[in-house]
file protein.txt (compact mmCIF, N, CA and C atoms)
# COMPACT_ATOMS: atom_id res chain seq x y z
N MET P 1 -125.26 42.98 -22.80
CA MET P 1 -124.52 41.99 -23.54
C MET P 1 -123.23 42.58 -24.09
N LYS P 2 -123.33 43.89 -24.57
CA LYS P 2 -122.14 44.55 -25.11
C LYS P 2 -121.09 44.72 -24.03
N VAL P 3 -121.50 45.02 -22.80
CA VAL P 3 -120.55 45.22 -21.70
C VAL P 3 -119.77 43.94 -21.45
N ILE P 4 -120.45 42.79 -21.42
CA ILE P 4 -119.78 41.50 -21.21
C ILE P 4 -118.80 41.22 -22.33
N SER P 5 -119.19 41.48 -23.58
CA SER P 5 -118.30 41.25 -24.72
C SER P 5 -117.07 42.14 -24.65
N ILE P 6 -117.25 43.39 -24.28
CA ILE P 6 -116.13 44.32 -24.19
C ILE P 6 -115.18 43.89 -23.07
N LEU P 7 -115.74 43.52 -21.90
CA LEU P 7 -114.91 43.05 -20.79
C LEU P 7 -114.15 41.78 -21.17
N GLY P 8 -114.82 40.87 -21.86
CA GLY P 8 -114.16 39.64 -22.31
C GLY P 8 -113.02 39.94 -23.27
N ALA P 9 -113.25 40.88 -24.20
CA ALA P 9 -112.20 41.25 -25.16
C ALA P 9 -111.02 41.88 -24.44
N LEU P 10 -111.29 42.75 -23.47
CA LEU P 10 -110.21 43.37 -22.71
C LEU P 10 -109.41 42.33 -21.92
N LEU P 11 -110.11 41.37 -21.35
CA LEU P 11 -109.45 40.30 -20.61
C LEU P 11 -108.55 39.49 -21.52
N LEU P 12 -109.03 39.15 -22.71
CA LEU P 12 -108.22 38.39 -23.66
C LEU P 12 -106.98 39.16 -24.08
N VAL P 13 -107.15 40.45 -24.32
CA VAL P 13 -106.01 41.28 -24.71
C VAL P 13 -105.01 41.34 -23.55
N ALA P 14 -105.52 41.52 -22.33
CA ALA P 14 -104.64 41.61 -21.17
C ALA P 14 -103.88 40.32 -20.95
N CYS P 15 -104.53 39.21 -21.07
CA CYS P 15 -103.88 37.92 -20.86
C CYS P 15 -102.95 37.57 -22.02
N GLY P 16 -103.40 37.83 -23.21
CA GLY P 16 -102.60 37.51 -24.39
C GLY P 16 -101.39 38.40 -24.53
N GLY P 17 -101.44 39.58 -23.97
CA GLY P 17 -100.34 40.52 -24.11
C GLY P 17 -99.28 40.38 -23.03
N SER P 18 -99.46 39.45 -22.11
CA SER P 18 -98.48 39.31 -21.04
C SER P 18 -97.17 38.75 -21.57
N VAL P 19 -96.06 39.16 -20.95
CA VAL P 19 -94.73 38.72 -21.35
C VAL P 19 -94.28 37.64 -20.37
N ALA P 20 -93.77 36.53 -20.91
CA ALA P 20 -93.28 35.45 -20.06
C ALA P 20 -92.09 35.95 -19.24
N GLN P 21 -92.04 35.56 -17.95
CA GLN P 21 -90.95 35.97 -17.07
C GLN P 21 -90.09 34.77 -16.72
N ASP P 22 -88.85 35.03 -16.40
CA ASP P 22 -87.93 33.99 -15.96
C ASP P 22 -88.40 33.48 -14.60
N PRO P 23 -88.63 32.17 -14.44
CA PRO P 23 -89.12 31.65 -13.15
C PRO P 23 -88.21 32.01 -11.98
N ALA P 24 -86.87 32.04 -12.19
CA ALA P 24 -85.95 32.37 -11.10
C ALA P 24 -86.17 33.80 -10.62
N GLU P 25 -86.51 34.70 -11.54
CA GLU P 25 -86.78 36.09 -11.16
C GLU P 25 -88.01 36.19 -10.28
N LEU P 26 -88.92 35.24 -10.40
CA LEU P 26 -90.14 35.23 -9.60
C LEU P 26 -89.96 34.47 -8.30
N GLY P 27 -88.77 33.90 -8.06
CA GLY P 27 -88.50 33.16 -6.84
C GLY P 27 -88.66 31.66 -6.95
N PHE P 28 -88.97 31.15 -8.16
CA PHE P 28 -89.07 29.71 -8.34
C PHE P 28 -87.68 29.09 -8.33
N ASN P 29 -87.59 27.87 -7.82
CA ASN P 29 -86.32 27.14 -7.78
C ASN P 29 -86.60 25.72 -8.22
N SER P 30 -85.90 25.25 -9.22
CA SER P 30 -86.08 23.86 -9.64
C SER P 30 -84.73 23.25 -9.91
N VAL P 31 -84.59 21.97 -9.53
CA VAL P 31 -83.34 21.25 -9.72
C VAL P 31 -83.68 19.86 -10.23
N LEU P 32 -83.14 19.51 -11.37
CA LEU P 32 -83.31 18.15 -11.89
C LEU P 32 -82.41 17.21 -11.10
N ALA P 33 -82.82 15.96 -10.99
CA ALA P 33 -82.05 14.98 -10.21
C ALA P 33 -80.60 14.92 -10.66
N GLU P 34 -80.37 14.97 -11.97
CA GLU P 34 -79.00 14.88 -12.47
C GLU P 34 -78.18 16.14 -12.21
N ASP P 35 -78.83 17.22 -11.79
CA ASP P 35 -78.13 18.47 -11.51
C ASP P 35 -77.89 18.73 -10.02
N VAL P 36 -78.30 17.79 -9.17
CA VAL P 36 -78.09 17.95 -7.73
C VAL P 36 -76.58 17.99 -7.47
N GLN P 37 -76.15 18.98 -6.70
CA GLN P 37 -74.73 19.16 -6.39
C GLN P 37 -74.39 18.47 -5.06
N TRP P 38 -73.86 17.25 -5.15
CA TRP P 38 -73.53 16.46 -3.97
C TRP P 38 -72.17 16.90 -3.42
N VAL P 39 -72.07 16.99 -2.10
CA VAL P 39 -70.83 17.34 -1.42
C VAL P 39 -70.53 16.23 -0.42
N PRO P 40 -69.36 15.58 -0.54
CA PRO P 40 -69.02 14.53 0.42
C PRO P 40 -68.93 15.11 1.84
N ASP P 41 -69.42 14.36 2.80
CA ASP P 41 -69.36 14.78 4.19
C ASP P 41 -67.96 14.49 4.71
N ALA P 42 -67.23 15.54 5.09
CA ALA P 42 -65.84 15.39 5.53
C ALA P 42 -65.72 14.56 6.80
N ASP P 43 -66.75 14.57 7.64
CA ASP P 43 -66.70 13.86 8.92
C ASP P 43 -67.31 12.46 8.86
N PHE P 44 -67.93 12.12 7.73
CA PHE P 44 -68.66 10.85 7.67
C PHE P 44 -68.44 10.19 6.32
N PRO P 45 -67.40 9.35 6.20
CA PRO P 45 -67.12 8.69 4.91
C PRO P 45 -68.32 7.90 4.39
N GLY P 46 -68.58 8.02 3.09
CA GLY P 46 -69.69 7.30 2.47
C GLY P 46 -71.00 8.06 2.47
N LEU P 47 -70.99 9.25 3.06
CA LEU P 47 -72.20 10.07 3.14
C LEU P 47 -71.95 11.35 2.35
N SER P 48 -72.93 11.77 1.57
CA SER P 48 -72.84 13.06 0.89
C SER P 48 -74.16 13.80 1.04
N ARG P 49 -74.09 15.11 0.91
CA ARG P 49 -75.24 15.97 1.14
C ARG P 49 -75.41 16.95 -0.02
N ALA P 50 -76.64 17.39 -0.20
CA ALA P 50 -76.94 18.42 -1.18
C ALA P 50 -77.99 19.34 -0.59
N THR P 51 -77.75 20.63 -0.64
CA THR P 51 -78.73 21.61 -0.17
C THR P 51 -79.53 22.08 -1.37
N LEU P 52 -80.83 21.86 -1.33
CA LEU P 52 -81.71 22.26 -2.43
C LEU P 52 -82.32 23.64 -2.20
N ALA P 53 -82.57 23.98 -0.94
CA ALA P 53 -83.16 25.28 -0.61
C ALA P 53 -82.83 25.62 0.83
N GLY P 54 -82.65 26.90 1.09
CA GLY P 54 -82.35 27.33 2.45
C GLY P 54 -80.98 26.88 2.90
N ASP P 55 -80.79 26.88 4.21
CA ASP P 55 -79.51 26.49 4.81
C ASP P 55 -79.80 25.98 6.22
N PRO P 56 -79.48 24.71 6.50
CA PRO P 56 -79.78 24.16 7.84
C PRO P 56 -79.09 24.90 8.98
N SER P 57 -78.03 25.66 8.69
CA SER P 57 -77.33 26.37 9.75
C SER P 57 -77.87 27.79 9.97
N GLU P 58 -78.84 28.19 9.15
CA GLU P 58 -79.42 29.54 9.23
C GLU P 58 -80.91 29.45 9.58
N PRO P 59 -81.47 30.53 10.15
CA PRO P 59 -82.90 30.52 10.45
C PRO P 59 -83.74 30.36 9.17
N GLY P 60 -84.80 29.58 9.28
CA GLY P 60 -85.73 29.41 8.17
C GLY P 60 -85.83 27.99 7.67
N LEU P 61 -86.72 27.82 6.72
CA LEU P 61 -86.98 26.52 6.12
C LEU P 61 -85.79 26.08 5.26
N TYR P 62 -85.45 24.79 5.31
CA TYR P 62 -84.42 24.25 4.43
C TYR P 62 -84.89 22.91 3.86
N VAL P 63 -84.32 22.56 2.71
CA VAL P 63 -84.56 21.26 2.08
C VAL P 63 -83.18 20.73 1.68
N ILE P 64 -82.84 19.56 2.19
CA ILE P 64 -81.56 18.94 1.85
C ILE P 64 -81.80 17.50 1.40
N ARG P 65 -80.83 16.95 0.72
CA ARG P 65 -80.82 15.52 0.43
C ARG P 65 -79.57 14.94 1.04
N VAL P 66 -79.71 13.72 1.53
CA VAL P 66 -78.58 12.99 2.09
C VAL P 66 -78.49 11.66 1.35
N ARG P 67 -77.28 11.35 0.90
CA ARG P 67 -77.05 10.10 0.16
C ARG P 67 -76.12 9.22 1.00
N PHE P 68 -76.64 8.04 1.35
CA PHE P 68 -75.87 7.05 2.09
C PHE P 68 -75.32 6.05 1.07
N GLY P 69 -74.00 5.86 1.06
CA GLY P 69 -73.42 4.83 0.21
C GLY P 69 -73.89 3.46 0.66
N PRO P 70 -73.70 2.43 -0.16
CA PRO P 70 -74.12 1.08 0.21
C PRO P 70 -73.54 0.65 1.57
N GLY P 71 -74.42 0.26 2.48
CA GLY P 71 -74.00 -0.21 3.80
C GLY P 71 -73.61 0.88 4.77
N VAL P 72 -73.75 2.16 4.41
CA VAL P 72 -73.36 3.26 5.30
C VAL P 72 -74.53 3.60 6.22
N MET P 73 -74.24 3.61 7.52
CA MET P 73 -75.24 3.93 8.54
C MET P 73 -74.69 5.03 9.45
N SER P 74 -75.58 5.86 9.95
CA SER P 74 -75.18 6.85 10.95
C SER P 74 -75.17 6.20 12.33
N SER P 75 -74.39 6.76 13.21
CA SER P 75 -74.43 6.32 14.60
C SER P 75 -75.63 7.00 15.27
N PRO P 76 -76.04 6.52 16.45
CA PRO P 76 -77.16 7.16 17.13
C PRO P 76 -76.90 8.65 17.35
N HIS P 77 -77.92 9.46 17.06
CA HIS P 77 -77.81 10.91 17.18
C HIS P 77 -79.21 11.50 17.30
N PHE P 78 -79.26 12.80 17.57
CA PHE P 78 -80.56 13.50 17.57
C PHE P 78 -80.35 14.92 17.09
N HIS P 79 -81.45 15.56 16.74
CA HIS P 79 -81.46 16.94 16.27
C HIS P 79 -82.31 17.77 17.23
N ASP P 80 -82.02 19.06 17.31
CA ASP P 80 -82.78 19.91 18.23
C ASP P 80 -84.05 20.48 17.60
N GLN P 81 -84.33 20.10 16.36
CA GLN P 81 -85.54 20.54 15.65
C GLN P 81 -86.20 19.31 15.01
N ASP P 82 -87.51 19.37 14.82
CA ASP P 82 -88.20 18.32 14.06
C ASP P 82 -87.64 18.29 12.64
N ARG P 83 -87.60 17.09 12.06
CA ARG P 83 -87.17 16.95 10.66
C ARG P 83 -88.11 15.98 9.96
N HIS P 84 -88.48 16.34 8.75
CA HIS P 84 -89.39 15.52 7.94
C HIS P 84 -88.57 14.87 6.83
N VAL P 85 -88.69 13.55 6.72
CA VAL P 85 -87.84 12.78 5.81
C VAL P 85 -88.70 12.01 4.81
N VAL P 86 -88.33 12.10 3.52
CA VAL P 86 -88.97 11.32 2.47
C VAL P 86 -87.86 10.53 1.77
N VAL P 87 -88.09 9.24 1.60
CA VAL P 87 -87.11 8.39 0.92
C VAL P 87 -87.26 8.62 -0.58
N VAL P 88 -86.18 9.05 -1.22
CA VAL P 88 -86.18 9.33 -2.66
C VAL P 88 -85.85 8.07 -3.44
N SER P 89 -84.83 7.32 -2.98
CA SER P 89 -84.46 6.08 -3.67
C SER P 89 -83.82 5.12 -2.68
N GLY P 90 -83.92 3.84 -3.02
CA GLY P 90 -83.39 2.79 -2.14
C GLY P 90 -84.34 2.48 -1.01
N THR P 91 -83.86 1.65 -0.09
CA THR P 91 -84.63 1.32 1.12
C THR P 91 -83.83 1.80 2.32
N TRP P 92 -84.36 2.80 2.98
CA TRP P 92 -83.71 3.45 4.11
C TRP P 92 -84.05 2.68 5.37
N GLY P 93 -83.03 2.39 6.17
CA GLY P 93 -83.24 1.74 7.45
C GLY P 93 -83.32 2.79 8.53
N MET P 94 -84.45 2.88 9.24
CA MET P 94 -84.63 3.88 10.28
C MET P 94 -84.73 3.18 11.63
N GLY P 95 -83.78 3.47 12.50
CA GLY P 95 -83.78 2.89 13.84
C GLY P 95 -84.03 3.95 14.89
N ILE P 96 -84.67 3.57 15.96
CA ILE P 96 -85.01 4.50 17.04
C ILE P 96 -84.30 4.05 18.31
N GLY P 97 -83.73 5.00 19.02
CA GLY P 97 -83.06 4.71 20.28
C GLY P 97 -81.57 4.91 20.19
N ASP P 98 -80.89 4.59 21.28
CA ASP P 98 -79.45 4.84 21.36
C ASP P 98 -78.61 3.58 21.23
N SER P 99 -79.24 2.47 20.88
CA SER P 99 -78.52 1.20 20.72
C SER P 99 -78.52 0.80 19.24
N PHE P 100 -77.41 1.08 18.55
CA PHE P 100 -77.32 0.82 17.12
C PHE P 100 -77.41 -0.67 16.82
N ASP P 101 -78.33 -1.02 15.91
CA ASP P 101 -78.47 -2.40 15.45
C ASP P 101 -79.30 -2.39 14.18
N CYS P 102 -78.66 -2.75 13.05
CA CYS P 102 -79.39 -2.77 11.77
C CYS P 102 -80.61 -3.69 11.83
N ALA P 103 -80.54 -4.73 12.63
CA ALA P 103 -81.67 -5.66 12.73
C ALA P 103 -82.89 -4.98 13.36
N ASN P 104 -82.67 -3.86 14.04
CA ASN P 104 -83.78 -3.15 14.69
C ASN P 104 -84.15 -1.86 13.96
N THR P 105 -84.01 -1.88 12.63
CA THR P 105 -84.44 -0.72 11.85
C THR P 105 -85.72 -1.06 11.10
N GLU P 106 -86.49 -0.04 10.82
CA GLU P 106 -87.69 -0.21 10.00
C GLU P 106 -87.30 0.07 8.56
N PRO P 107 -87.49 -0.91 7.65
CA PRO P 107 -87.14 -0.66 6.24
C PRO P 107 -88.18 0.27 5.61
N MET P 108 -87.69 1.39 5.09
CA MET P 108 -88.56 2.41 4.51
C MET P 108 -88.23 2.50 3.02
N PRO P 109 -89.11 2.00 2.13
CA PRO P 109 -88.83 2.03 0.69
C PRO P 109 -89.04 3.42 0.09
N ALA P 110 -88.58 3.59 -1.13
CA ALA P 110 -88.75 4.87 -1.84
C ALA P 110 -90.20 5.32 -1.77
N GLY P 111 -90.39 6.58 -1.45
CA GLY P 111 -91.72 7.16 -1.31
C GLY P 111 -92.20 7.22 0.12
N ALA P 112 -91.54 6.49 1.04
CA ALA P 112 -91.95 6.49 2.44
C ALA P 112 -91.62 7.83 3.10
N TYR P 113 -92.37 8.15 4.14
CA TYR P 113 -92.20 9.40 4.90
C TYR P 113 -92.02 9.07 6.38
N ALA P 114 -91.18 9.85 7.05
CA ALA P 114 -91.03 9.74 8.50
C ALA P 114 -90.80 11.13 9.07
N MET P 115 -91.23 11.33 10.31
CA MET P 115 -90.94 12.56 11.01
C MET P 115 -90.08 12.21 12.20
N HIS P 116 -88.93 12.85 12.29
CA HIS P 116 -88.06 12.67 13.45
C HIS P 116 -88.30 13.84 14.39
N PRO P 117 -88.89 13.58 15.55
CA PRO P 117 -89.16 14.68 16.47
C PRO P 117 -87.87 15.20 17.11
N ALA P 118 -87.86 16.46 17.46
CA ALA P 118 -86.71 17.08 18.11
C ALA P 118 -86.30 16.26 19.33
N SER P 119 -85.00 16.09 19.51
CA SER P 119 -84.38 15.43 20.67
C SER P 119 -84.61 13.93 20.73
N ALA P 120 -85.18 13.32 19.70
CA ALA P 120 -85.42 11.87 19.69
C ALA P 120 -84.20 11.16 19.09
N MET P 121 -83.58 10.31 19.87
CA MET P 121 -82.39 9.57 19.44
C MET P 121 -82.77 8.59 18.33
N HIS P 122 -81.95 8.55 17.29
CA HIS P 122 -82.20 7.62 16.17
C HIS P 122 -80.90 7.37 15.42
N PHE P 123 -80.94 6.40 14.53
CA PHE P 123 -79.83 6.09 13.62
C PHE P 123 -80.47 5.65 12.32
N ASP P 124 -79.75 5.81 11.21
CA ASP P 124 -80.38 5.51 9.93
C ASP P 124 -79.34 5.35 8.83
N GLY P 125 -79.81 4.86 7.68
CA GLY P 125 -78.94 4.71 6.53
C GLY P 125 -79.28 3.48 5.70
N SER P 126 -78.25 2.86 5.17
CA SER P 126 -78.40 1.72 4.28
C SER P 126 -78.00 0.44 4.99
N CYS P 127 -78.97 -0.31 5.46
CA CYS P 127 -78.69 -1.58 6.14
C CYS P 127 -78.55 -2.74 5.15
N ASN P 128 -79.06 -2.58 3.94
CA ASN P 128 -79.11 -3.72 3.03
C ASN P 128 -78.08 -3.65 1.89
N GLY P 129 -77.12 -2.75 1.97
CA GLY P 129 -76.05 -2.72 0.98
C GLY P 129 -76.37 -2.01 -0.32
N GLU P 130 -77.44 -1.20 -0.35
CA GLU P 130 -77.73 -0.41 -1.55
C GLU P 130 -77.62 1.07 -1.21
N GLU P 131 -77.36 1.89 -2.23
CA GLU P 131 -77.33 3.33 -2.01
C GLU P 131 -78.74 3.80 -1.66
N VAL P 132 -78.81 4.76 -0.74
CA VAL P 132 -80.09 5.31 -0.30
C VAL P 132 -80.01 6.83 -0.35
N VAL P 133 -81.06 7.47 -0.87
CA VAL P 133 -81.15 8.92 -0.87
C VAL P 133 -82.44 9.32 -0.16
N VAL P 134 -82.30 10.23 0.80
CA VAL P 134 -83.47 10.77 1.49
C VAL P 134 -83.49 12.29 1.34
N GLN P 135 -84.69 12.85 1.39
CA GLN P 135 -84.84 14.30 1.36
C GLN P 135 -85.37 14.73 2.71
N ILE P 136 -84.73 15.73 3.30
CA ILE P 136 -85.08 16.18 4.65
C ILE P 136 -85.52 17.65 4.59
N VAL P 137 -86.64 17.93 5.25
CA VAL P 137 -87.16 19.30 5.34
C VAL P 137 -87.25 19.65 6.82
N GLY P 138 -86.77 20.83 7.16
CA GLY P 138 -86.83 21.26 8.54
C GLY P 138 -86.66 22.76 8.64
N MET P 139 -86.61 23.22 9.88
CA MET P 139 -86.39 24.63 10.17
C MET P 139 -85.01 24.78 10.79
N GLY P 140 -84.26 25.74 10.29
CA GLY P 140 -82.94 25.99 10.81
C GLY P 140 -82.96 27.15 11.79
N PRO P 141 -81.90 27.34 12.53
CA PRO P 141 -80.74 26.47 12.50
C PRO P 141 -81.02 25.17 13.24
N VAL P 142 -80.42 24.09 12.74
CA VAL P 142 -80.59 22.78 13.38
C VAL P 142 -79.23 22.30 13.85
N LEU P 143 -79.22 21.72 15.02
CA LEU P 143 -78.00 21.19 15.62
C LEU P 143 -78.13 19.68 15.72
N THR P 144 -77.14 18.95 15.26
CA THR P 144 -77.11 17.49 15.38
C THR P 144 -76.14 17.13 16.50
N THR P 145 -76.60 16.27 17.39
CA THR P 145 -75.77 15.84 18.53
C THR P 145 -75.56 14.33 18.44
N ARG P 146 -74.28 13.93 18.49
CA ARG P 146 -73.92 12.51 18.50
C ARG P 146 -73.24 12.23 19.85
N PRO P 147 -74.04 11.84 20.83
CA PRO P 147 -73.44 11.58 22.14
C PRO P 147 -72.54 10.36 22.10
N SER P 148 -71.50 10.40 22.91
CA SER P 148 -70.66 9.21 23.00
C SER P 148 -71.33 8.25 23.97
N LEU P 149 -71.69 7.09 23.45
CA LEU P 149 -72.44 6.12 24.27
C LEU P 149 -71.56 4.97 24.67

call {"tool": "encode", "arguments": {"input": "protein.txt", "output": "structure tokens"}}
result
Amino acid sequence: MKVISILGALLLVACGGSVAQDPAELGFNSVLAEDVQWVPDADFPGLSRATLAGDPSEPGLYVIRVRFGPGVMSSPHFHDQDRHVVVVSGTWGMGIGDSFDCANTEPMPAGAYAMHPASAMHFDGSCNGEEVVVQIVGMGPVLTTRPSL
């Protein structure tokens, strides 16, 4: 019984004596919604991006957010890597194929998830005139191709 009591006391001292560490020093990364650093897309008016972790142009896992202004849609395109998409806000219109038509998109409300497989042609954005934000997770480097159709 004394051995258990002594071990318990040592454990309490060890746990109680620990010093709090800065989460960033331990590799934690957190970003509040209001602190997301949006960068306008120079090639696509009405679209902005934010990199939360990693870098889509470098090897490894990345997490980005894409914000579509009201009524902003991408043209048909594909990526050379799988991408996982979660709708953060708004209703995202997701279309499949190389024939752009807002009427042929699936409305994906906030909280919805989609996986875009590598090389699968698609188009997406805001078909209903509201701002839409999606979060995309994938492995880099990723290449986006917008064929001229």

call {"tool": "closest_residue", "arguments": {"input": "protein.txt", "among": "P:His77, P:His116, P:His84, P:Arg146", "to": "Leu61 of chain P", "atoms": "only C-alpha atoms"}}
result
P:His84

call {"tool": "closest_residue", "arguments": {"input": "protein.txt", "among": "P:Val133, P:Leu52, P:Leu26, P:Ala33", "to": "Val86 of chain P", "atoms": "only N, CA and C atoms"}}
result
P:Val133

call {"tool": "residues_near_point", "arguments": {"input": "protein.txt", "point": "(-86.5, 8.5, 2.3)", "cutoff": "8 Å", "atoms": "all atoms listed in the file", "output": "PDB file with N, CA and C atoms, keeping the file's coordinate frame"}}
result
ATOM      1  N   VAL P  85     -88.690  13.550   6.720  1.00  0.00           N
ATOM      2  CA  VAL P  85     -87.840  12.780   5.810  1.00  0.00           C
ATOM      3  C   VAL P  85     -88.700  12.010   4.810  1.00  0.00           C
ATOM      4  N   VAL P  86     -88.330  12.100   3.520  1.00  0.00           N
ATOM      5  CA  VAL P  86     -88.970  11.320   2.470  1.00  0.00           C
ATOM      6  C   VAL P  86     -87.860  10.530   1.770  1.00  0.00           C
ATOM      7  N   VAL P  87     -88.090   9.240   1.600  1.00  0.00           N
ATOM      8  CA  VAL P  87     -87.110   8.390   0.920  1.00  0.00           C
ATOM      9  C   VAL P  87     -87.260   8.620  -0.580  1.00  0.00           C
ATOM     10  N   VAL P  88     -86.180   9.050  -1.220  1.00  0.00           N
ATOM     11  CA  VAL P  88     -86.180   9.330  -2.660  1.00  0.00           C
ATOM     12  C   VAL P  88     -85.850   8.070  -3.440  1.00  0.00           C
ATOM     13  N   SER P  89     -84.830   7.320  -2.980  1.00  0.00           N
ATOM     14  CA  SER P  89     -84.460   6.080  -3.670  1.00  0.00           C
ATOM     15  C   SER P  89     -83.820   5.120  -2.680  1.00  0.00           C
ATOM     16  N   GLY P  90     -83.920   3.840  -3.020  1.00  0.00           N
ATOM     17  CA  GLY P  90     -83.390   2.790  -2.140  1.00  0.00           C
ATOM     18  C   GLY P  90     -84.340   2.480  -1.010  1.00  0.00           C
ATOM     19  N   THR P  91     -83.860   1.650  -0.090  1.00  0.00           N
ATOM     20  CA  THR P  91     -84.630   1.320   1.120  1.00  0.00           C
ATOM     21  C   THR P  91     -83.830   1.800   2.320  1.00  0.00           C
ATOM     22  N   TRP P  92     -84.360   2.800   2.980  1.00  0.00           N
ATOM     23  CA  TRP P  92     -83.710   3.450   4.110  1.00  0.00           C
ATOM     24  C   TRP P  92     -84.050   2.680   5.370  1.00  0.00           C
ATOM     25  N   MET P 108     -87.690   1.390   5.090  1.00  0.00           N
ATOM     26  CA  MET P 108     -88.560   2.410   4.510  1.00  0.00           C
ATOM     27  C   MET P 108     -88.230   2.500   3.020  1.00  0.00           C
ATOM     28  N   PRO P 109     -89.110   2.000   2.130  1.00  0.00           N
ATOM     29  CA  PRO P 109     -88.830   2.030   0.690  1.00  0.00           C
ATOM     30  C   PRO P 109     -89.040   3.420   0.090  1.00  0.00           C
ATOM     31  N   ALA P 110     -88.580   3.590  -1.130  1.00  0.00           N
ATOM     32  CA  ALA P 110     -88.750   4.870  -1.840  1.00  0.00           C
ATOM     33  C   ALA P 110     -90.200   5.320  -1.770  1.00  0.00           C
ATOM     34  N   GLY P 111     -90.390   6.580  -1.450  1.00  0.00           N
ATOM     35  CA  GLY P 111     -91.720   7.160  -1.310  1.00  0.00           C
ATOM     36  C   GLY P 111     -92.200   7.220   0.120  1.00  0.00           C
ATOM     37  N   ALA P 112     -91.540   6.490   1.040  1.00  0.00           N
ATOM     38  CA  ALA P 112     -91.950   6.490   2.440  1.00  0.00           C
ATOM     39  C   ALA P 112     -91.620   7.830   3.100  1.00  0.00           C
ATOM     40  N   TYR P 113     -92.370   8.150   4.140  1.00  0.00           N
ATOM     41  CA  TYR P 113     -92.200   9.400   4.900  1.00  0.00           C
ATOM     42  C   TYR P 113     -92.020   9.070   6.380  1.00  0.00           C
ATOM     43  N   ALA P 114     -91.180   9.850   7.050  1.00  0.00           N
ATOM     44  CA  ALA P 114     -91.030   9.740   8.500  1.00  0.00           C
ATOM     45  C   ALA P 114     -90.800  11.130   9.070  1.00  0.00           C
ATOM     46  N   VAL P 132     -78.810   4.760  -0.740  1.00  0.00           N
ATOM     47  CA  VAL P 132     -80.090   5.310  -0.300  1.00  0.00           C
ATOM     48  C   VAL P 132     -80.010   6.830  -0.350  1.00  0.00           C
ATOM     49  N   VAL P 133     -81.060   7.470  -0.870  1.00  0.00           N
ATOM     50  CA  VAL P 133     -81.150   8.920  -0.870  1.00  0.00           C
ATOM     51  C   VAL P 133     -82.440   9.320  -0.160  1.00  0.00           C
ATOM     52  N   VAL P 134     -82.300  10.230   0.800  1.00  0.00           N
ATOM     53  CA  VAL P 134     -83.470  10.770   1.490  1.00  0.00           C
ATOM     54  C   VAL P 134     -83.490  12.290   1.340  1.00  0.00           C
ATOM     55  N   GLN P 135     -84.690  12.850   1.390  1.00  0.00           N
ATOM     56  CA  GLN P 135     -84.840  14.300   1.360  1.00  0.00           C
ATOM     57  C   GLN P 135     -85.370  14.730   2.710  1.00  0.00           C
ATOM     58  N   ILE P 136     -84.730  15.730   3.300  1.00  0.00           N
ATOM     59  CA  ILE P 136     -85.080  16.180   4.650  1.00  0.00           C
ATOM     60  C   ILE P 136     -85.520  17.650   4.590  1.00  0.00           C
TER      61      ILE P 136
END

call {"tool": "closest_residue", "arguments": {"input": "protein.txt", "among": "P:Val66, P:Val142, P:Ile96, P:Leu32", "to": "Arg83 of chain P", "atoms": "only C-alpha atoms"}}
result
P:Val142

call {"tool": "select_by_dssp", "arguments": {"input": "protein.txt", "residues": "segment 52-132 of chain P", "states": "strand (DSSP E or B)", "output": "count of residues only"}}
result
42

call {"tool": "residues_around", "arguments": {"input": "protein.txt", "residues": "segment 100-105 of chain P", "least_positions_apart": "5", "cutoff": "8 Å", "atoms": "only C-alpha atoms", "output": "list of chain:residue names"}}
result
P:Ser75, P:Pro76, P:Gly93, P:Met94, P:Gly95, P:Phe123, P:Asp124, P:Cys127

call {"tool": "closest_residue", "arguments": {"input": "protein.txt", "among": "P:Gly46, P:Thr144, P:Ala120, P:Gln81", "to": "Pro59 of chain P", "atoms": "only C-alpha atoms"}}
result
P:Gln81

call {"tool": "atom_distance", "arguments": {"input": "protein.txt", "atom1": "atom CA of Gln37 of chain P", "atom2": "atom CA of Ala20 of chain P"}}
result
28.2 Å

call {"tool": "select_by_dssp", "arguments": {"input": "protein.txt", "residues": "chain P", "states": "alpha helix (DSSP H)", "output": "ChimeraX atom specification"}}
result
/P:2-16
